[in-house]
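Asks: Take this structure first; my questions come after.
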Amino acid sequence: IFMDEDYMTGLGRPVPDGAAVIDVGANAGYFSMFAASRFKGSRVIAFEPIPVNFEQLQKNIAFSNSTRITGIQKAVYRETGEISLSYDPTDSFTTSATIFDKDQEPDSIQVATTTLMDVFEGFEIDRCDLLKLDCEGAEYDILYNSPDCFHRIQQIAMEVHEGPEPDQNLEAIDGFLKENGYSTRSLYNRMLWAWR
């Protein structure tokens, strides 16, 4: 994230200083720390639902001594409530907690959820300069149910995870974002960037 700048390489325009950044699927917080250090005066709201990951996220926020990163132990999803995620609890932190492929992971966990609109309203964000998504398949439920938020979202950087439904692939989400006024760019059939 810091060396290759994976989430930055395909953006359509620079992210300004003082940016509002939403990190969905923050994991241990590496992108959040990158954004807080890279974009002067930025505000980063980082969402990570898995307890072991969130614990590491909090440690990294404390280690970086950043007062501009806020960690929230919730998943962003299509509705407020709870969702079951499949994951491997033996990992010290996991990058594979998913709403897909439940048979491939040895355990599941119920996690609290919030919506993108609730994030904007709860944190009083009128403009999101960068929405980063790496949420292991939940990107479809989030974006397909959030077009009312798109006028606030200037750019999106996301990792796309192939799902079992016809609209759960890079081509489908790319087309959806274009229909909603974004220009897009993709790479390796897994990374997608959008801007307006």
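If you're wondering about the labels, chains in the structure tokens are A, B, ... by order shown, residues count from 1 in each chain, ligands from 1 in order shown.
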What's the 6 Å shell around stretch 23-30 of chain A, counting only C-alpha atoms, without same-chain residues fewer than 3 positions away, as a compact mmCIF listing (two decimals) with N, CA, C and O atoms, in the first residue's frame?
Replies:
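The result, stored in around_28.txt:
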```txt
# COMPACT_ATOMS: atom_id res chain seq x y z
N MET A 33 -3.69 4.71 7.33
CA MET A 33 -2.47 5.41 7.73
C MET A 33 -1.80 6.07 6.52
O MET A 33 -1.28 7.19 6.62
N ALA A 46 -12.41 4.86 9.12
CA ALA A 46 -12.02 3.50 8.76
C ALA A 46 -12.97 2.48 9.38
O ALA A 46 -13.13 2.43 10.59
N PHE A 47 -13.58 1.65 8.53
CA PHE A 47 -14.54 0.64 8.98
C PHE A 47 -13.94 -0.75 8.86
O PHE A 47 -13.50 -1.16 7.78
N GLU A 48 -13.92 -1.48 9.97
CA GLU A 48 -13.42 -2.85 10.00
C GLU A 48 -14.22 -3.64 11.03
O GLU A 48 -14.18 -3.36 12.22
N ASN A 53 -8.89 -7.91 13.50
CA ASN A 53 -8.42 -6.86 12.61
C ASN A 53 -8.60 -5.49 13.25
O ASN A 53 -7.72 -4.63 13.16
N GLN A 56 -5.99 -4.68 15.77
CA GLN A 56 -4.73 -4.26 15.13
C GLN A 56 -4.86 -2.85 14.53
O GLN A 56 -3.92 -2.06 14.57
N LEU A 57 -6.03 -2.56 13.96
CA LEU A 57 -6.29 -1.22 13.43
C LEU A 57 -6.12 -0.17 14.53
O LEU A 57 -5.44 0.85 14.33
N LYS A 132 -12.57 4.24 -0.48
CA LYS A 132 -11.79 3.03 -0.76
C LYS A 132 -12.60 1.83 -0.28
O LYS A 132 -13.09 1.81 0.85
N LEU A 133 -12.77 0.86 -1.15
CA LEU A 133 -13.54 -0.35 -0.83
C LEU A 133 -12.67 -1.58 -1.05
O LEU A 133 -12.17 -1.80 -2.15
N ASP A 134 -12.50 -2.37 0.00
CA ASP A 134 -11.88 -3.69 -0.11
C ASP A 134 -12.59 -4.55 0.93
O ASP A 134 -12.08 -4.80 2.01
N CYS A 135 -13.81 -4.96 0.58
CA CYS A 135 -14.70 -5.56 1.57
C CYS A 135 -15.19 -6.94 1.15
O CYS A 135 -16.29 -7.37 1.52
```
Asks: With a distance cut-off of 8 Å and only C-alpha atoms, select the neighbouring residues of A:Gln154, excluding the residue or stretch itself and same-chain residues fewer than 6 positions from it, and output the selection as a list in words.
Replies: Arg127, Cys128, Asp129, Leu130, Trp195 and Arg196 of chain A
Asks: Output N, CA and C atoms for every residue in that selection, as a CSV table (one decimal), in the first residue's frame.
Replies:
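Once everything was written out, this is selection_7.csv:
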```csv
chain,number,residue,atom,x,y,z
A,127,ARG,N,-18.9,15.8,1.4
A,127,ARG,CA,-18.2,15.5,0.2
A,127,ARG,C,-17.1,14.4,0.6
A,128,CYS,N,-17.1,13.3,-0.1
A,128,CYS,CA,-16.1,12.3,0.2
A,128,CYS,C,-15.1,12.3,-1.0
A,129,ASP,N,-13.9,12.7,-0.8
A,129,ASP,CA,-12.9,12.9,-1.8
A,129,ASP,C,-12.4,11.5,-2.3
A,130,LEU,N,-12.4,10.5,-1.5
A,130,LEU,CA,-12.0,9.2,-1.9
A,130,LEU,C,-12.7,8.1,-1.0
A,195,TRP,N,-14.4,8.0,-11.0
A,195,TRP,CA,-14.3,9.4,-10.6
A,195,TRP,C,-15.4,10.2,-11.4
A,196,ARG,N,-15.8,11.4,-10.8
A,196,ARG,CA,-16.8,12.2,-11.5
A,196,ARG,C,-16.3,13.6,-11.5
```
Asks: Between atom CA of A:Gly18 and atom CA of A:Gly41, what is the spacing in Å?
Replies: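 We find that atom CA of A:Gly41 and atom CA of A:Gly18 lie 4.3 Å from each other.
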Asks: Using only C-alpha atoms, pick whichever of A:Val76, A:Ile83, A:Ile109, A:Leu143 has the shortest atom-to-atom distance to A:Pro51.
Replies: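 Of all the options, A:Ile109 lies closest to A:Pro51.
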Asks: Write down as a ChimeraX atom specification the residues belonging to stretch 10-195 of chain A that are assigned alpha helix (DSSP H) by DSSP computed on the backbone.
Replies: /A:30-38,51-64,116-122,139-144,170-179
Asks: With C-alpha atoms retained, write the just-selected residues as a compact mmCIF listing (two decimals), in the first residue's frame.
Replies:
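Contents of result_15.txt, freshly written:
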```
# COMPACT_ATOMS: atom_id res chain seq x y z
CA TYR A 30 -2.55 0.39 6.41
CA PHE A 31 -4.47 2.35 3.78
CA SER A 32 -5.95 4.60 6.46
CA MET A 33 -2.47 5.41 7.73
CA PHE A 34 -1.26 5.96 4.15
CA ALA A 35 -4.14 8.38 3.45
CA ALA A 36 -3.64 10.31 6.70
CA SER A 37 0.07 10.70 5.97
CA ARG A 38 -0.26 11.38 2.23
CA PRO A 51 -12.45 -8.08 16.05
CA VAL A 52 -8.84 -9.25 15.54
CA ASN A 53 -8.42 -6.86 12.61
CA PHE A 54 -10.05 -3.99 14.46
CA GLU A 55 -7.75 -4.53 17.44
CA GLN A 56 -4.73 -4.26 15.13
CA LEU A 57 -6.29 -1.22 13.43
CA GLN A 58 -6.60 0.52 16.80
CA LYS A 59 -2.99 -0.34 17.66
CA ASN A 60 -1.78 1.05 14.35
CA ILE A 61 -3.79 4.25 14.81
CA ALA A 62 -2.22 4.68 18.26
CA PHE A 63 1.24 3.83 16.91
CA SER A 64 0.93 6.36 14.10
CA LEU A 116 -23.07 4.46 3.40
CA MET A 117 -25.82 7.07 3.84
CA ASP A 118 -25.64 6.62 7.62
CA VAL A 119 -21.87 7.17 7.42
CA PHE A 120 -22.34 10.45 5.54
CA GLU A 121 -25.01 11.67 7.90
CA GLY A 122 -23.46 10.38 11.14
CA GLU A 139 -18.99 -3.85 -2.54
CA TYR A 140 -22.00 -4.84 -4.64
CA ASP A 141 -24.51 -4.54 -1.80
CA ILE A 142 -22.98 -1.23 -0.74
CA LEU A 143 -22.83 0.48 -4.13
CA TYR A 144 -25.98 -0.95 -5.71
CA LEU A 170 -16.16 -6.20 -12.50
CA GLU A 171 -18.02 -5.66 -15.78
CA ALA A 172 -21.37 -5.25 -14.00
CA ILE A 173 -20.17 -2.86 -11.29
CA ASP A 174 -18.18 -0.90 -13.88
CA GLY A 175 -21.30 -0.48 -16.02
CA PHE A 176 -23.37 0.53 -13.01
CA LEU A 177 -20.93 3.25 -12.02
CA LYS A 178 -20.80 4.57 -15.60
CA GLU A 179 -24.60 4.70 -15.69
```
Asks: Enumerate the residues of stretch 8-56 of chain A with a DSSP assignment of strand (DSSP E or B), computed from the backbone, and present them as a PyMOL selection string.
Replies: chain A and resi 20-24+43-47
Asks: Mind pulling up the distance from atom CA of A:Asp4 to atom CA of A:Ile45?
Replies: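 Atom-to-atom, atom CA of A:Ile45 to atom CA of A:Asp4, that is 22.2 Å.
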Asks: What's the 8 Å shell around A:Ser84, counting only C-alpha atoms, without same-chain residues fewer than 4 positions away, as a PyMOL selection string?
Replies: chain A and resi 99+108-111
Asks: Can you spit out the residues from that selection as a PDB file, in the first residue's frame, using N, CA, C and O atoms?
Replies:
```pdb
ATOM      1  N   ILE A  99     -18.761 -12.304   2.603  1.00  0.00           N
ATOM      2  CA  ILE A  99     -20.141 -12.749   2.536  1.00  0.00           C
ATOM      3  C   ILE A  99     -20.272 -13.876   1.510  1.00  0.00           C
ATOM      4  O   ILE A  99     -21.306 -14.520   1.420  1.00  0.00           O
ATOM      5  N   SER A 108     -17.786 -18.505  11.168  1.00  0.00           N
ATOM      6  CA  SER A 108     -18.499 -17.287  10.800  1.00  0.00           C
ATOM      7  C   SER A 108     -18.717 -16.451  12.049  1.00  0.00           C
ATOM      8  O   SER A 108     -18.631 -16.951  13.176  1.00  0.00           O
ATOM      9  N   ILE A 109     -18.999 -15.177  11.821  1.00  0.00           N
ATOM     10  CA  ILE A 109     -19.182 -14.236  12.919  1.00  0.00           C
ATOM     11  C   ILE A 109     -20.273 -13.249  12.541  1.00  0.00           C
ATOM     12  O   ILE A 109     -20.381 -12.863  11.371  1.00  0.00           O
ATOM     13  N   GLN A 110     -21.107 -12.885  13.502  1.00  0.00           N
ATOM     14  CA  GLN A 110     -22.107 -11.847  13.298  1.00  0.00           C
ATOM     15  C   GLN A 110     -21.461 -10.497  13.607  1.00  0.00           C
ATOM     16  O   GLN A 110     -20.843 -10.339  14.664  1.00  0.00           O
ATOM     17  N   VAL A 111     -21.595  -9.559  12.691  1.00  0.00           N
ATOM     18  CA  VAL A 111     -21.019  -8.233  12.895  1.00  0.00           C
ATOM     19  C   VAL A 111     -22.083  -7.167  12.663  1.00  0.00           C
ATOM     20  O   VAL A 111     -23.029  -7.353  11.896  1.00  0.00           O
TER      21      VAL A 111
END
```
Asks: Using only C-alpha atoms, which protein or nucleic acid residues come within 6 Å of A:Pro49? Drop anything in the same chain fewer than 5 positions from it, and give the result as a list in words.
Replies: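 Counting only the stated atoms, we get Gln73, Lys74 and Ala75 of chain A.
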Asks: Restricting the calculation to only C-alpha atoms, which member of A:Phe123, A:Gly81, A:Ile153, A:Glu136 is positioned closest to A:Val15?
Replies: A:Ile153
